[in-house]
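*Asks:* I am attaching a structure below and will ask some questions about it afterwards.
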Amino acid sequence: MYQRTTYHWPQHEWNTCGTSCAPHSGVNRVTRPALRGSILGNILRLLNPVVKFLLGSPLHWPLSRWFALVAWTGRKSGRRYSTPVSYVREGDVAWVTTGDRWWRNLEGGAPAAMRIGGRWHEGAGGPVADQIESQAIHERLFRAYPWFRWLSGIPRDRNGGPDSAALRQALSAGRVLVRFDLGS
């Protein structure tokens, strides 16, 4: 007869920073924040066309609370690109954290557009260059919006906030905070 095997999670799961994280705390992208080439990145690459379609359609509402489309023009190619991102909006500013390289096209405050809540917002975007400022803003955003931390793959600390050591390690490994100043 078939016997069902049940896996029991250990009491603590340890991340690379040596701090305790709860099971199912999200995808840990601390040491390698870039999605390109990872299993999760390959899955998202397949899903991105569907997510882009949904975010660009009247059916955006189930996703647009947490996801937006970012559009920019390539610095070298001059081609128009867009990608879905998780974001936090605070007034006329939208924050995006990424481990991928698309943000390099926005260095120096390049023009960009974001489709948030079914509406395009023209503005400028650029990375937060100072690592200390980036860490402070990341920590503030991750504390205020835990889902944003979870989607970013940063583990939580014992108090439920972002693990500062893991975040510092992720920033050193290539995670970047991008600020978008939305015109309207």
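Residue numbering restarts at 1 for every chain of the structure tokens, chains are lettered A, B, ... in their displayed order, and ligands are numbered from 1 as they appear.
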Mind checking DSSP for segment 58-139 of chain A and telling me the strand (DSSP E) residues as a compact mmCIF listing (two decimals) with C-alpha atoms, in the first residue's frame?

*Replies:*
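As written to disk, result09.txt reads:
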# COMPACT_ATOMS: atom_id res chain seq x y z
CA PHE A 67 3.68 45.38 -10.51
CA ALA A 68 4.24 48.06 -13.14
CA LEU A 69 5.72 48.25 -16.60
CA VAL A 70 8.90 50.28 -16.96
CA ALA A 71 9.73 51.56 -20.47
CA TRP A 72 12.96 53.22 -21.57
CA THR A 73 15.11 53.79 -24.62
CA ARG A 80 12.45 51.05 -26.87
CA TYR A 81 12.38 48.41 -24.12
CA SER A 82 9.93 47.55 -21.37
CA THR A 83 9.89 45.10 -18.50
CA PRO A 84 7.52 44.31 -15.63
CA VAL A 85 8.85 45.23 -12.19
CA SER A 86 7.63 45.24 -8.62
CA VAL A 88 6.45 50.99 -4.38
CA ARG A 89 4.84 54.34 -5.10
CA GLU A 90 5.13 57.25 -2.70
CA VAL A 93 8.08 58.88 -6.75
CA ALA A 94 8.15 55.17 -7.59
CA TRP A 95 10.88 52.89 -6.24
CA VAL A 96 12.10 49.73 -7.96
CA THR A 97 14.80 47.39 -6.67
CA THR A 98 16.55 45.12 -9.14
CA ALA A 110 17.27 59.36 -18.30
CA PRO A 111 13.67 59.71 -19.53
CA ALA A 112 11.50 56.73 -18.67
CA ALA A 113 7.85 55.83 -18.40
CA MET A 114 5.97 53.63 -15.96
CA ARG A 115 2.56 52.11 -16.47
CA ILE A 116 1.01 52.07 -13.01
CA ARG A 119 -1.97 54.65 -16.78
CA TRP A 120 1.37 55.72 -18.29
CA HIS A 121 3.44 58.21 -16.28
CA GLU A 122 6.28 59.98 -18.10
CA GLY A 123 9.24 61.05 -16.03
CA ALA A 124 12.87 60.36 -15.31
CA GLY A 125 14.54 57.45 -13.60
CA GLY A 126 17.95 56.75 -12.21
CA PRO A 127 19.79 54.57 -9.73

*Asks:* Counting only C-alpha atoms, which residue out of A:Tyr87, A:Leu182, A:Leu141, A:Gly118 sits closest to Lys52 of chain A?

*Replies:*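 Among A:Tyr87, A:Leu182, A:Leu141, A:Gly118, it is A:Gly118 that comes nearest to Lys52 of chain A.
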
*Asks:* Atom CA of Leu177 of chain A and atom CA of Ile132 of chain A are how many Å apart?

*Replies:* 11.4 Å

*Asks:* State, in Å with one decimal place, the distance from atom CA of Gly161 of chain A to atom CA of His138 of chain A.

*Replies:*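 Between atom CA of Gly161 of chain A and atom CA of His138 of chain A the gap is 10.8 Å.
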
*Asks:* I'd like to know which of A:Ser57, A:Gln131, A:Gly74, A:Ser152 is closest to Glu107 of chain A, using only C-alpha atoms.

*Replies:*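 Checking each of A:Ser57, A:Gln131, A:Gly74, A:Ser152 against Glu107 of chain A, counting only C-alpha atoms, the winner is A:Gly74.
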
*Asks:* Work out how far atom CA of Val128 of chain A is from atom CA of Asp163 of chain A, in Å to one decimal.

*Replies:* 19.8 Å
